[in-house]
file structure_17.cif (mmCIF, C-alpha atoms and all ligand atoms)
data_model
loop_
_atom_site.group_PDB
_atom_site.id
_atom_site.type_symbol
_atom_site.label_atom_id
_atom_site.label_comp_id
_atom_site.auth_asym_id
_atom_site.auth_seq_id
_atom_site.Cartn_x
_atom_site.Cartn_y
_atom_site.Cartn_z
ATOM 1 C CA MET B 8 39.531 -52.867 -22.597
ATOM 2 C CA SER B 9 35.953 -52.693 -23.984
ATOM 3 C CA SER B 10 34.947 -51.298 -27.369
ATOM 4 C CA LEU B 11 33.554 -48.154 -25.615
ATOM 5 C CA ASP B 12 36.794 -47.272 -23.929
ATOM 6 C CA SER B 13 39.054 -44.777 -25.582
ATOM 7 C CA LYS B 14 42.717 -44.244 -25.691
ATOM 8 C CA PRO B 15 44.177 -41.680 -23.295
ATOM 9 C CA GLY B 16 43.803 -38.112 -24.657
ATOM 10 C CA GLN B 17 40.871 -39.034 -26.926
ATOM 11 C CA ASP B 18 37.134 -38.474 -26.419
ATOM 12 C CA PRO B 19 35.268 -41.597 -25.358
ATOM 13 C CA LEU B 20 33.729 -43.471 -28.259
ATOM 14 C CA TRP B 21 30.165 -42.923 -26.982
ATOM 15 C CA ARG B 22 30.576 -39.248 -27.909
ATOM 16 C CA ASP B 23 30.262 -40.293 -31.511
ATOM 17 C CA GLU B 24 26.699 -41.414 -30.716
ATOM 18 C CA PHE B 25 25.869 -38.391 -28.495
ATOM 19 C CA PRO B 26 27.796 -35.458 -29.919
ATOM 20 C CA ILE B 27 26.194 -32.786 -27.650
ATOM 21 C CA ARG B 28 28.675 -31.300 -25.213
ATOM 22 C CA SER B 29 27.471 -30.698 -21.650
ATOM 23 C CA GLY B 30 28.647 -27.054 -21.842
ATOM 24 C CA ASP B 31 26.304 -26.510 -24.793
ATOM 25 C CA GLU B 32 23.301 -27.780 -22.823
ATOM 26 C CA ARG B 33 23.353 -24.649 -20.647
ATOM 27 C CA LEU B 34 23.839 -22.318 -23.559
ATOM 28 C CA VAL B 35 20.917 -19.876 -23.908
ATOM 29 C CA THR B 36 20.553 -18.641 -27.408
ATOM 30 C CA ARG B 37 19.908 -14.994 -28.196
ATOM 31 C CA ARG B 38 16.468 -15.972 -29.494
ATOM 32 C CA GLN B 39 15.581 -17.775 -26.242
ATOM 33 C CA PHE B 40 16.790 -14.826 -24.169
ATOM 34 C CA ALA B 41 14.793 -12.330 -26.267
ATOM 35 C CA LYS B 42 11.721 -14.555 -25.916
ATOM 36 C CA PHE B 43 12.173 -14.656 -22.149
ATOM 37 C CA LEU B 44 12.526 -10.864 -21.943
ATOM 38 C CA THR B 45 9.483 -10.313 -24.159
ATOM 39 C CA LEU B 46 7.266 -12.660 -22.159
ATOM 40 C CA THR B 47 8.451 -11.208 -18.842
ATOM 41 C CA SER B 48 7.804 -7.663 -20.070
ATOM 42 C CA LEU B 49 4.337 -8.602 -21.303
ATOM 43 C CA GLY B 50 3.579 -10.194 -17.923
ATOM 44 C CA MET B 51 4.678 -7.048 -16.092
ATOM 45 C CA LEU B 52 2.685 -4.856 -18.472
ATOM 46 C CA ALA B 53 -0.447 -6.941 -17.878
ATOM 47 C CA GLY B 54 0.109 -6.802 -14.099
ATOM 48 C CA ASN B 55 0.516 -3.029 -14.092
ATOM 49 C CA ALA B 56 -2.542 -2.561 -16.304
ATOM 50 C CA TRP B 57 -4.573 -4.690 -13.898
ATOM 51 C CA ILE B 58 -3.397 -2.613 -10.899
ATOM 52 C CA LEU B 59 -4.243 0.609 -12.759
ATOM 53 C CA VAL B 60 -7.757 -0.537 -13.655
ATOM 54 C CA ARG B 61 -8.379 -1.880 -10.163
ATOM 55 C CA SER B 62 -7.231 1.314 -8.427
ATOM 56 C CA PHE B 63 -9.298 3.430 -10.839
ATOM 57 C CA PHE B 64 -12.491 1.555 -10.006
ATOM 58 C CA ARG B 65 -11.670 1.492 -6.304
ATOM 59 C CA ALA B 66 -11.107 5.271 -6.269
ATOM 60 C CA ALA B 67 -14.394 5.817 -8.112
ATOM 61 C CA ALA B 68 -16.249 3.645 -5.617
ATOM 62 C CA VAL B 69 -14.564 5.333 -2.672
ATOM 63 C CA ALA B 70 -15.352 8.817 -3.960
ATOM 64 C CA LYS B 71 -19.065 8.054 -3.938
ATOM 65 C CA ALA B 72 -19.179 6.254 -0.622
ATOM 66 C CA ALA B 73 -20.776 7.804 2.429
ATOM 67 C CA TYR B 74 -20.305 6.072 5.741
ATOM 68 C CA ARG B 75 -22.467 6.515 8.826
ATOM 69 C CA ILE B 76 -20.169 6.820 11.818
ATOM 70 C CA ALA B 77 -22.527 7.332 14.730
ATOM 71 C CA ALA B 78 -25.453 9.346 15.960
ATOM 72 C CA ALA B 79 -24.265 12.734 17.124
ATOM 73 C CA SER B 80 -26.058 12.216 20.439
ATOM 74 C CA GLU B 81 -23.895 9.140 21.160
ATOM 75 C CA LEU B 82 -20.784 11.287 21.539
ATOM 76 C CA PRO B 83 -20.431 13.330 24.695
ATOM 77 C CA LEU B 84 -18.209 16.409 24.721
ATOM 78 C CA GLY B 85 -14.505 15.529 24.594
ATOM 79 C CA SER B 86 -15.140 11.955 23.396
ATOM 80 C CA VAL B 87 -13.799 10.075 20.409
ATOM 81 C CA ARG B 88 -15.073 7.348 18.109
ATOM 82 C CA LEU B 89 -12.825 5.195 15.944
ATOM 83 C CA PHE B 90 -14.014 4.090 12.545
ATOM 84 C CA ALA B 91 -12.637 3.005 9.161
ATOM 85 C CA TYR B 92 -12.990 5.169 6.084
ATOM 86 C CA PRO B 93 -12.922 5.093 3.085
ATOM 87 C CA GLY B 94 -11.885 1.432 3.185
ATOM 88 C CA PRO B 95 -11.808 -1.142 5.957
ATOM 89 C CA ASN B 96 -8.030 -0.684 6.289
ATOM 90 C CA ASP B 97 -8.145 3.097 6.704
ATOM 91 C CA PRO B 98 -8.462 3.833 10.422
ATOM 92 C CA CYS B 99 -9.919 7.202 11.364
ATOM 93 C CA ILE B 100 -10.747 9.074 14.500
ATOM 94 C CA LEU B 101 -13.813 11.218 15.123
ATOM 95 C CA ILE B 102 -13.510 13.771 17.899
ATOM 96 C CA ARG B 103 -16.172 15.824 19.584
ATOM 97 C CA THR B 104 -14.240 18.696 21.043
ATOM 98 C CA ALA B 105 -15.029 20.287 24.370
ATOM 99 C CA ALA B 106 -16.673 23.067 22.378
ATOM 100 C CA GLY B 107 -19.020 20.544 20.747
ATOM 101 C CA GLN B 108 -17.442 20.613 17.286
ATOM 102 C CA PHE B 109 -17.187 17.345 15.337
ATOM 103 C CA LEU B 110 -13.856 16.748 13.578
ATOM 104 C CA ALA B 111 -12.465 13.628 11.968
ATOM 105 C CA TYR B 112 -9.020 12.685 10.681
ATOM 106 C CA SER B 113 -7.156 9.733 9.359
ATOM 107 C CA GLN B 114 -5.623 7.981 12.318
ATOM 108 C CA LYS B 115 -2.419 7.209 10.433
ATOM 109 C CA CYS B 116 0.407 9.547 11.347
ATOM 110 C CA THR B 117 1.922 11.129 8.252
ATOM 111 C CA HIS B 118 5.416 10.264 9.489
ATOM 112 C CA LEU B 119 5.482 6.457 9.669
ATOM 113 C CA SER B 120 1.789 5.589 9.962
ATOM 114 C CA CYS B 121 1.532 4.946 13.701
ATOM 115 C CA ALA B 122 -1.961 5.459 15.094
ATOM 116 C CA VAL B 123 -2.576 8.888 16.556
ATOM 117 C CA TYR B 124 -4.854 9.407 19.548
ATOM 118 C CA TYR B 125 -6.693 12.356 20.984
ATOM 119 C CA ASP B 126 -5.013 13.978 23.952
ATOM 120 C CA ALA B 127 -7.990 15.804 25.451
ATOM 121 C CA ALA B 128 -5.874 17.505 28.134
ATOM 122 C CA ALA B 129 -3.560 19.048 25.529
ATOM 123 C CA GLY B 130 -6.324 19.512 22.977
ATOM 124 C CA SER B 131 -4.274 17.878 20.217
ATOM 125 C CA LEU B 132 -3.733 14.612 18.424
ATOM 126 C CA GLU B 133 -0.596 12.840 19.524
ATOM 127 C CA CYS B 134 1.483 10.182 17.827
ATOM 128 C CA PRO B 135 3.274 8.098 20.474
ATOM 129 C CA CYS B 136 5.921 6.669 18.156
ATOM 130 C CA HIS B 137 8.090 9.791 17.792
ATOM 131 C CA ASN B 138 6.085 12.381 19.719
ATOM 132 C CA GLY B 139 4.449 13.878 16.685
ATOM 133 C CA ARG B 140 1.607 16.239 17.461
ATOM 134 C CA PHE B 141 -1.226 17.617 15.323
ATOM 135 C CA ALA B 142 -3.635 20.455 16.027
ATOM 136 C CA VAL B 143 -7.133 19.149 16.609
ATOM 137 C CA GLU B 144 -8.779 22.128 14.852
ATOM 138 C CA ASP B 145 -7.243 21.508 11.429
ATOM 139 C CA GLY B 146 -4.805 18.574 11.647
ATOM 140 C CA ARG B 147 -1.683 20.693 11.012
ATOM 141 C CA VAL B 148 1.621 19.532 12.445
ATOM 142 C CA VAL B 149 2.526 21.361 15.642
ATOM 143 C CA ALA B 150 5.455 19.227 16.830
ATOM 144 C CA GLY B 151 7.669 16.317 15.911
ATOM 145 C CA PRO B 152 8.755 14.782 12.617
ATOM 146 C CA PRO B 153 5.478 14.349 10.654
ATOM 147 C CA PRO B 154 5.961 16.049 7.276
ATOM 148 C CA ARG B 155 2.296 16.744 6.454
ATOM 149 C CA PRO B 156 -0.990 17.482 8.198
ATOM 150 C CA LEU B 157 -3.336 14.620 8.990
ATOM 151 C CA PRO B 158 -5.767 13.944 6.139
ATOM 152 C CA ARG B 159 -9.119 15.298 7.222
ATOM 153 C CA ILE B 160 -12.328 13.301 6.866
ATOM 154 C CA LEU B 161 -15.156 15.403 5.527
ATOM 155 C CA LEU B 162 -18.271 15.078 7.670
ATOM 156 C CA GLU B 163 -21.921 15.818 7.160
ATOM 157 C CA GLN B 164 -24.702 15.689 9.662
ATOM 158 C CA ARG B 165 -27.673 13.895 8.122
ATOM 159 C CA GLY B 166 -30.548 14.002 10.517
ATOM 160 C CA ALA B 167 -29.227 12.629 13.773
ATOM 161 C CA ASP B 168 -26.277 10.862 12.132
ATOM 162 C CA LEU B 169 -22.724 11.892 11.467
ATOM 163 C CA VAL B 170 -21.631 10.685 8.056
ATOM 164 C CA ALA B 171 -18.178 10.596 6.491
ATOM 165 C CA VAL B 172 -18.450 11.777 2.891
ATOM 166 C CA GLY B 173 -14.882 12.198 1.679
ATOM 167 C CA VAL B 174 -11.212 12.676 2.447
ATOM 168 C CA ASP B 175 -9.450 16.015 2.233
ATOM 169 C CA PRO B 176 -5.727 15.236 2.011
ATOM 170 C CA GLN B 177 -4.833 18.763 3.203
ATOM 171 C CA VAL B 178 -1.729 18.760 1.075
ATOM 172 C CA PRO B 179 -0.107 22.173 1.476
ATOM 173 C CA ALA B 180 0.093 24.147 -1.761
HETATM 174 S S1 LIG B 201 5.131 7.779 13.233
HETATM 175 FE FE1 LIG B 201 4.149 9.466 14.082
HETATM 176 S S2 LIG B 201 5.760 10.749 14.655
HETATM 177 FE FE2 LIG B 201 6.734 9.085 13.757
#

call {"tool": "encode", "arguments": {"input": "structure_17.cif", "output": "structure tokens"}}
result
Amino acid sequence: MSSLDSKPGQDPLWRDEFPIRSGDERLVTRRQFAKFLTLTSLGMLAGNAWILVRSFFRAAAVAKAAYRIAAASELPLGSVRLFAYPGPNDPCILIRTAAGQFLAYSQKCTHLSCAVYYDAAAGSLECPCHNGRFAVEDGRVVAGPPPRPLPRILLEQRGADLVAVGVDPQVPA
């Protein structure tokens, strides 16, 4: 038996040199826990403030942006042109109706964001995912599960060009 061995039922002698118990090593004090919560909360606050500032400046930039889609003469009656507006990840569809009217909408269905397409034969915009259907004249829902009209893209004709100048969400009052 060495000098470090202990008698049965007693702590080993080395515990006299290292009195910290392994259970205590995992103990988180109230102060440490409060510090962790405070730092985590400050991190989340900073993250949210950054998102708020970023979205504010993005919205301001988007509000001013005008985007040339195409020359009006490039679109024959009943044709469509796809474009992105106001950002590169916002797909839209420009339609020249059989009557010659230019209309543009967000291409994202208001149900689950599938891409809508122009059904020239039916004269409406159709969503193939769940058979949603929107009126081409104003984007209102005429069939299926979409809960809201398609956001309309505001157009201007500037000289020969068709220009997107804003988004009308068409949220019903
Ligand atoms: S995603 Fe368009 S109807 Fe469901």

call {"tool": "residues_near_ligand", "arguments": {"input": "structure_17.cif", "ligand": "ligand LIG 201 (chain B)", "cutoff": "9 Å", "atoms": "all atoms listed in the file", "output": "PyMOL selection string"}}
result
chain B and resi 115-123+133-140+150-153

call {"tool": "atom_distance", "arguments": {"input": "structure_17.cif", "atom1": "atom CA of Pro176 of chain B", "atom2": "atom CA of Gly146 of chain B"}}
result
10.2 Å

call {"tool": "atom_distance", "arguments": {"input": "structure_17.cif", "atom1": "atom CA of Leu169 of chain B", "atom2": "atom CA of Glu144 of chain B"}}
result
17.6 Å

call {"tool": "atom_distance", "arguments": {"input": "structure_17.cif", "atom1": "atom CA of Ile76 of chain B", "atom2": "atom CA of Arg147 of chain B"}}
result
23.1 Å

call {"tool": "resolve_selection", "arguments": {"input": "structure_17.cif", "expression": "the PyMOL selection byres (((chain B and resi 105) around 7) and not hetatm)", "output": "PDB file with C-alpha atoms, in the coordinates of the input"}}
result
ATOM      1  CA  LEU B  84     -18.209  16.409  24.721  1.00  0.00           C
ATOM      2  CA  GLY B  85     -14.505  15.529  24.594  1.00  0.00           C
ATOM      3  CA  ARG B 103     -16.172  15.824  19.584  1.00  0.00           C
ATOM      4  CA  THR B 104     -14.240  18.696  21.043  1.00  0.00           C
ATOM      5  CA  ALA B 106     -16.673  23.067  22.378  1.00  0.00           C
ATOM      6  CA  GLY B 107     -19.020  20.544  20.747  1.00  0.00           C
TER       7      GLY B 107
END

call {"tool": "closest_residue", "arguments": {"input": "structure_17.cif", "among": "B:Leu162, B:Val35, B:Ala41, B:Leu59", "to": "Ala77 of chain B", "atoms": "only C-alpha atoms"}}
result
B:Leu162

call {"tool": "closest_residue", "arguments": {"input": "structure_17.cif", "among": "B:Ala91, B:Ile160, B:Leu49, B:Ala129", "to": "Val174 of chain B", "atoms": "only C-alpha atoms"}}
result
B:Ile160

call {"tool": "residues_near_point", "arguments": {"input": "structure_17.cif", "point": "(-24.2, 10.3, 16.1)", "cutoff": "7 Å", "atoms": "all atoms listed in the file", "output": "PyMOL selection string"}}
result
chain B and resi 76-82+167-169

call {"tool": "residues_around", "arguments": {"input": "structure_17.cif", "residues": "Ser113 of chain B", "least_positions_apart": "6", "cutoff": "7 Å", "atoms": "all atoms listed in the file", "output": "ChimeraX atom specification"}}
result
/B:98-100,157-160
